[in-house]
Amino acid sequence: MQEYRYFLPCLFIYFDVSKSRGPGYVPLPPVCKSLWTCSVEAAVEYCRIVWDLFPEGKLVRFVVSDSAAHILNTWAVAQQNLTHMLNGLCLVGSVRRGAGGDVVGLCAAIEALGEPSPAQSSRPPTERHFQNRGRIICITSARDDDSIRSLAEIALNTLVQQNKKASTVQPTTSTDAPPTPQSLVVHYCHLVIVNVTPEKAETRVNNQTLTEMGGGLMGVEVIVSRASALANLLGRLVLPHYKLAITTVTGIPMKEEQNASSSANYDVEIIHSAEAHAGLRAAQTAAEALESVVLRWWTPRGAEGGASGCSGPLWRVTPADVASRPSACLVNFLLNGRSVTLEVPRKGGGRSASHVLAAQGGELWIGALGGRTPYDDPPALSEGVGGRVTDYRIKEFGALMHQNKLHPLRGAGANSRARSRLQRHTTYWPLTISSTLIFNLGSIMEPLTKLVVQESLTDEEVDACRGVLLSLLGMESRHELPSAQLPSNMRGKWSGRREEQWRQVWGELEALVRAHSASPAHRALLRTLLDCRSHNHAPDGESRATVIRATTDSPLSPVGAGNGAGAGDVWAPRNVLDTLLGAPRPARRPDFAGRMAAGNRIATLYSHLQQDVEAQH
């Protein structure tokens, strides 16, 4: 629970707001604002932000002092609002400078820190982990650093005396009068002294960082500010005090007041909890936490009103400048039941929705969109290494995933059957369109490529696959190019010789059929394929067999690839691990002779040198 106190002296400054109204018009006189007016406006704005974001749990008290301390409100929840505070300021009026006014007000603020709030009064007295900590913001106008130092020492002495008084047990009275509440011990007080000066006046007060006093009982911080910058100062101080952050919503389209037919883009700053930026700033410093995060306005098509798209928590939102026209337009837009999606600006293009703004129950909320939202652009699957565009077989890959869905099955061997099926389907599966010919020939290869992936084949299906092989054999005998059957936009990728193209077709077919040759029907189809492959090259069978082995054998080729020998064996595919384990290894280097001679004992290096030395002596 945090509490705040304000002491406001009365000095005058002038703001020149004259505006040129053309020739013949007398310029407007400057408007006079006192330090009291500037301080009241800043304090009201500070409390507006606190009460907008924390309707409950965060209490603020006001103490205005001249020759006496005027307490404007208590810890009661009914008095924690701007209406009650402004009515109290109107009753007090502009304070007059009196002797010791700042000391009287500061002492009253420390005493108020010891008064229990309704939530503190409801706590059991035996609770040990309770800590009464508070913050005092003292707005004053001191002459020099000595006056500030004296004010801090008086505050520390008052706090020590207040804690001593609170530590003593009050004697019980037998009267019927209600007992006065026991004062609380203040475990820590953060005193922020804001020294306000007129615009052109010189000051001898310097800024001071947080300094601990009284053995860690009080921390004192001094900030010097001009009267015109006081509102912005308190607007920035509220961020670390309550762990808040600022988001700048940029690119908001709004109609112009002078010309309703035209529109312009505006920026609006909103304040909310710093937890809403957790996904945008994984690690940030204290200075970066005060900076605004820029999010772009984006209302995608199909976006529904409300914050229903947020799967995580929601945080309250309040405008940083509630009096500006863009802020008022944004608030009215959200209160009318509309929602706004915010995206992170990207230099390289693309969109990524990160947050959503919406209104619920008459309050503004912001929520972080967890993960990728339906409004985000899907990731480009065609982007390869280094941003290069690749021709992945995306549709075929989707069909492969659909064919190999994993389902919970009962019985022994269910897991091994699923793994063997996945291995058969992925032993030979080209990733890109440009790396395969048979999968681009369309209807010419379609019956075979669809049937061969099945676990078993009937006689009719084997005959259909043989018909495809005989059709390819006839095309090769007629000296036709396989690339001539491709679509016009893909023919330029295969511009090699006719023999090279057919060699690639037969090599891919053999690799595909061998990968699925686990049944007798598949092995019979493989024998037919090998016969068709060597049919037109019978006179030079040896050279043809050599060519087959040179073009089809690879580290991933199964055992027996390259010729028709051993056709009755089981054609089992080999994975990468089996290939690496079965690869020939170089002979091991002979072991060190000294280690071999020593056996289990430790080998001694250069033992003959020691023997030579002993022989010399």
# chains A, B, ... in the order shown; residues from 1 in each chain; ligands from 1
$ residues_around --residues "A:Tyr428" --least-positions-apart "5" --cutoff "8 Å" --atoms "only C-alpha atoms" --output "PDB file with N, CA and C atoms, in the first residue's frame"
ATOM      1  N   ALA A 511      14.530 -46.359 -56.812  1.00  0.00           N
ATOM      2  CA  ALA A 511      14.651 -45.952 -55.403  1.00  0.00           C
ATOM      3  C   ALA A 511      13.294 -45.951 -54.714  1.00  0.00           C
ATOM      4  N   LEU A 512      12.236 -45.528 -55.435  1.00  0.00           N
ATOM      5  CA  LEU A 512      10.898 -45.501 -54.841  1.00  0.00           C
ATOM      6  C   LEU A 512      10.376 -46.910 -54.582  1.00  0.00           C
ATOM      7  N   ALA A 515      12.226 -48.713 -51.742  1.00  0.00           N
ATOM      8  CA  ALA A 515      11.873 -48.221 -50.409  1.00  0.00           C
ATOM      9  C   ALA A 515      10.624 -48.894 -49.868  1.00  0.00           C
TER      10      ALA A 515
END
$ residues_around --residues "A:Val205" --least-positions-apart "4" --cutoff "10 Å" --atoms "only C-alpha atoms" --output "list in words"
Ser141, Ala142, Arg143, Asp144, Asp145, Asp146, Ser147, Ile148, Asn195, Val196, Thr197, Val222, Ile223 and Val224 of chain A
$ residues_around --residues "A:His241" --least-positions-apart "2" --cutoff "10 Å" --atoms "only C-alpha atoms" --output "list in words"
Gln2, Val50, Arg135, Arg236, Leu237, Val238, Leu239, Lys243 and Leu244 of chain A
$ write_last_selection --atoms "N, CA, C and O atoms" --output "tab-separated table (two decimals), in the first residue's frame"
chain	number	residue	atom	x	y	z
A	2	GLN	N	0.57	2.17	-0.90
A	2	GLN	CA	1.40	3.36	-1.04
A	2	GLN	C	0.55	4.60	-0.78
A	2	GLN	O	-0.62	4.68	-1.17
A	50	VAL	N	-3.49	6.85	-11.28
A	50	VAL	CA	-3.49	5.79	-10.27
A	50	VAL	C	-4.89	5.22	-10.08
A	50	VAL	O	-5.10	4.00	-10.08
A	135	ARG	N	5.03	5.88	0.52
A	135	ARG	CA	5.81	6.88	-0.22
A	135	ARG	C	5.19	8.25	0.01
A	135	ARG	O	3.97	8.39	-0.05
A	236	ARG	N	5.73	10.88	-15.42
A	236	ARG	CA	6.80	9.89	-15.57
A	236	ARG	C	7.13	9.19	-14.26
A	236	ARG	O	7.53	8.02	-14.27
A	237	LEU	N	6.96	9.87	-13.14
A	237	LEU	CA	7.25	9.24	-11.85
A	237	LEU	C	6.25	8.13	-11.52
A	237	LEU	O	6.58	7.19	-10.80
A	238	VAL	N	5.03	8.26	-12.02
A	238	VAL	CA	4.03	7.25	-11.71
A	238	VAL	C	4.38	5.89	-12.32
A	238	VAL	O	3.92	4.85	-11.84
A	239	LEU	N	5.20	5.87	-13.37
A	239	LEU	CA	5.54	4.61	-14.02
A	239	LEU	C	6.36	3.70	-13.11
A	239	LEU	O	5.96	2.55	-12.87
A	243	LYS	N	4.88	0.38	-11.34
A	243	LYS	CA	5.28	-0.60	-12.34
A	243	LYS	C	4.38	-0.53	-13.57
A	243	LYS	O	3.75	-1.50	-13.98
A	244	LEU	N	4.34	0.66	-14.16
A	244	LEU	CA	3.52	0.91	-15.34
A	244	LEU	C	4.42	1.10	-16.55
A	244	LEU	O	5.64	1.23	-16.45
$ closest_residue --among "A:Thr83, A:Ser39, A:Thr211, A:Ser434" --to "A:Ile137" --atoms "only C-alpha atoms"
A:Ser39
$ residues_around --residues "stretch 106-118 of chain A" --least-positions-apart "4" --cutoff "10 Å" --atoms "only C-alpha atoms" --output "ChimeraX atom specification"
/A:1-7,59,61-65,68-71,74-77,101-102,122-123,132-138,151-152,154-159,161-163,165-166,181-187,189,191
$ residues_around --residues "stretch 247-253 of chain A" --least-positions-apart "6" --cutoff "7 Å" --atoms "only C-alpha atoms" --output "list in words"
Ser263, Ala264, Asn265, Tyr266, Asp267, Val268, Glu269, Ile270, Ile271, Ser292, Val293, Val294, Leu295, Arg296 and Trp297 of chain A
$ closest_residue --among "A:Ile193, A:Val160, A:Met85, A:Ile246" --to "A:Leu217" --atoms "only C-alpha atoms"
A:Val160
$ residues_around --residues "A:Trp502" --least-positions-apart "4" --cutoff "7 Å" --atoms "only C-alpha atoms" --output "list in words"
Pro482, Arg498 and Trp506 of chain A
$ residues_around --residues "A:Thr436" --least-positions-apart "6" --cutoff "10 Å" --atoms "only C-alpha atoms" --output "PDB file with N, CA and C atoms, in the first residue's frame"
ATOM      1  N   TRP A 429      11.816 -39.561 -50.622  1.00  0.00           N
ATOM      2  CA  TRP A 429      10.764 -38.546 -50.767  1.00  0.00           C
ATOM      3  C   TRP A 429      11.451 -37.228 -51.086  1.00  0.00           C
ATOM      4  N   PRO A 430      11.494 -36.831 -52.369  1.00  0.00           N
ATOM      5  CA  PRO A 430      12.172 -35.577 -52.733  1.00  0.00           C
ATOM      6  C   PRO A 430      11.521 -34.376 -52.054  1.00  0.00           C
ATOM      7  N   TRP A 494      14.747 -28.878 -66.677  1.00  0.00           N
ATOM      8  CA  TRP A 494      15.383 -30.120 -67.122  1.00  0.00           C
ATOM      9  C   TRP A 494      15.756 -29.963 -68.591  1.00  0.00           C
ATOM     10  N   GLN A 504      17.659 -40.568 -64.962  1.00  0.00           N
ATOM     11  CA  GLN A 504      17.099 -40.054 -63.718  1.00  0.00           C
ATOM     12  C   GLN A 504      15.720 -40.654 -63.446  1.00  0.00           C
ATOM     13  N   VAL A 505      14.892 -40.821 -64.475  1.00  0.00           N
ATOM     14  CA  VAL A 505      13.553 -41.398 -64.290  1.00  0.00           C
ATOM     15  C   VAL A 505      13.652 -42.821 -63.749  1.00  0.00           C
ATOM     16  N   GLU A 508      15.002 -42.876 -60.121  1.00  0.00           N
ATOM     17  CA  GLU A 508      14.017 -42.503 -59.115  1.00  0.00           C
ATOM     18  C   GLU A 508      12.978 -43.599 -58.924  1.00  0.00           C
TER      19      GLU A 508
END
$ closest_residue --among "A:Leu469, A:Leu280, A:Leu400, A:Val40" --to "A:Ala245" --atoms "only C-alpha atoms"
A:Leu280
$ select_by_dssp --residues "stretch 103-200 of chain A" --states "alpha helix (DSSP H)" --output "ChimeraX atom specification"
/A:103-114,118-121,145-167
$ write_last_selection --atoms "N, CA and C atoms" --output "compact mmCIF listing (two decimals), in the first residue's frame"
# COMPACT_ATOMS: atom_id res chain seq x y z
N VAL A 103 7.14 22.03 7.01
CA VAL A 103 7.42 21.11 8.10
C VAL A 103 6.12 20.59 8.70
N VAL A 104 5.14 21.45 8.89
CA VAL A 104 3.86 21.03 9.45
C VAL A 104 3.18 20.02 8.54
N GLY A 105 3.17 20.28 7.25
CA GLY A 105 2.53 19.36 6.32
C GLY A 105 3.25 18.03 6.24
N LEU A 106 4.59 18.05 6.27
CA LEU A 106 5.35 16.81 6.20
C LEU A 106 5.15 15.96 7.45
N CYS A 107 5.07 16.60 8.62
CA CYS A 107 4.82 15.85 9.86
C CYS A 107 3.43 15.22 9.84
N ALA A 108 2.45 15.96 9.30
CA ALA A 108 1.10 15.41 9.20
C ALA A 108 1.06 14.23 8.24
N ALA A 109 1.86 14.29 7.18
CA ALA A 109 1.90 13.18 6.23
C ALA A 109 2.50 11.93 6.86
N ILE A 110 3.55 12.10 7.68
CA ILE A 110 4.16 10.94 8.34
C ILE A 110 3.20 10.34 9.35
N GLU A 111 2.47 11.18 10.05
CA GLU A 111 1.48 10.65 10.99
C GLU A 111 0.38 9.88 10.26
N ALA A 112 0.00 10.36 9.08
CA ALA A 112 -1.02 9.64 8.30
C ALA A 112 -0.51 8.29 7.83
N LEU A 113 0.80 8.17 7.62
CA LEU A 113 1.35 6.87 7.23
C LEU A 113 1.15 5.83 8.32
N GLY A 114 1.15 6.25 9.58
CA GLY A 114 0.95 5.32 10.68
C GLY A 114 -0.49 4.97 10.94
N PRO A 118 -8.49 0.65 6.10
CA PRO A 118 -9.47 -0.42 6.37
C PRO A 118 -8.92 -1.81 6.14
N ALA A 119 -8.10 -1.99 5.11
CA ALA A 119 -7.52 -3.31 4.87
C ALA A 119 -6.52 -3.68 5.95
N GLN A 120 -5.77 -2.70 6.45
CA GLN A 120 -4.81 -2.99 7.51
C GLN A 120 -5.50 -3.26 8.84
N SER A 121 -6.62 -2.59 9.07
CA SER A 121 -7.33 -2.81 10.32
C SER A 121 -7.94 -4.21 10.39
N ASP A 145 20.17 23.67 -1.02
CA ASP A 145 20.30 22.28 -0.60
C ASP A 145 20.24 22.12 0.91
N ASP A 146 20.66 23.14 1.65
CA ASP A 146 20.60 23.04 3.11
C ASP A 146 19.16 22.96 3.59
N SER A 147 18.27 23.71 2.95
CA SER A 147 16.86 23.66 3.34
C SER A 147 16.28 22.27 3.05
N ILE A 148 16.66 21.70 1.93
CA ILE A 148 16.19 20.35 1.60
C ILE A 148 16.73 19.33 2.59
N ARG A 149 18.01 19.46 2.95
CA ARG A 149 18.62 18.54 3.90
C ARG A 149 17.95 18.66 5.28
N SER A 150 17.66 19.87 5.68
CA SER A 150 16.99 20.08 6.96
C SER A 150 15.59 19.48 6.94
N LEU A 151 14.91 19.63 5.82
CA LEU A 151 13.56 19.07 5.71
C LEU A 151 13.59 17.54 5.80
N ALA A 152 14.60 16.91 5.18
CA ALA A 152 14.72 15.45 5.24
C ALA A 152 15.04 14.98 6.65
N GLU A 153 15.90 15.71 7.36
CA GLU A 153 16.24 15.32 8.74
C GLU A 153 15.03 15.45 9.65
N ILE A 154 14.24 16.50 9.45
CA ILE A 154 13.03 16.64 10.27
C ILE A 154 12.06 15.50 10.00
N ALA A 155 11.95 15.10 8.74
CA ALA A 155 11.06 13.99 8.40
C ALA A 155 11.55 12.69 9.03
N LEU A 156 12.87 12.47 9.04
CA LEU A 156 13.40 11.25 9.64
C LEU A 156 13.16 11.23 11.15
N ASN A 157 13.40 12.36 11.83
CA ASN A 157 13.17 12.41 13.27
C ASN A 157 11.70 12.20 13.60
N THR A 158 10.83 12.78 12.81
CA THR A 158 9.40 12.59 13.04
C THR A 158 9.00 11.14 12.85
N LEU A 159 9.59 10.48 11.84
CA LEU A 159 9.27 9.07 11.59
C LEU A 159 9.75 8.18 12.73
N VAL A 160 10.94 8.49 13.27
CA VAL A 160 11.46 7.69 14.39
C VAL A 160 10.56 7.85 15.61
N GLN A 161 10.17 9.08 15.91
CA GLN A 161 9.29 9.30 17.05
C GLN A 161 7.93 8.65 16.83
N GLN A 162 7.45 8.67 15.58
CA GLN A 162 6.17 8.04 15.28
C GLN A 162 6.24 6.53 15.50
N ASN A 163 7.34 5.90 15.12
CA ASN A 163 7.49 4.46 15.33
C ASN A 163 7.61 4.11 16.81
N LYS A 164 8.29 4.96 17.58
CA LYS A 164 8.37 4.70 19.02
C LYS A 164 6.99 4.77 19.67
N LYS A 165 6.22 5.74 19.23
CA LYS A 165 4.87 5.89 19.78
C LYS A 165 3.99 4.72 19.38
N ALA A 166 4.17 4.23 18.15
CA ALA A 166 3.35 3.11 17.69
C ALA A 166 3.77 1.81 18.35
N SER A 167 5.01 1.71 18.80
CA SER A 167 5.49 0.47 19.43
C SER A 167 4.96 0.30 20.84
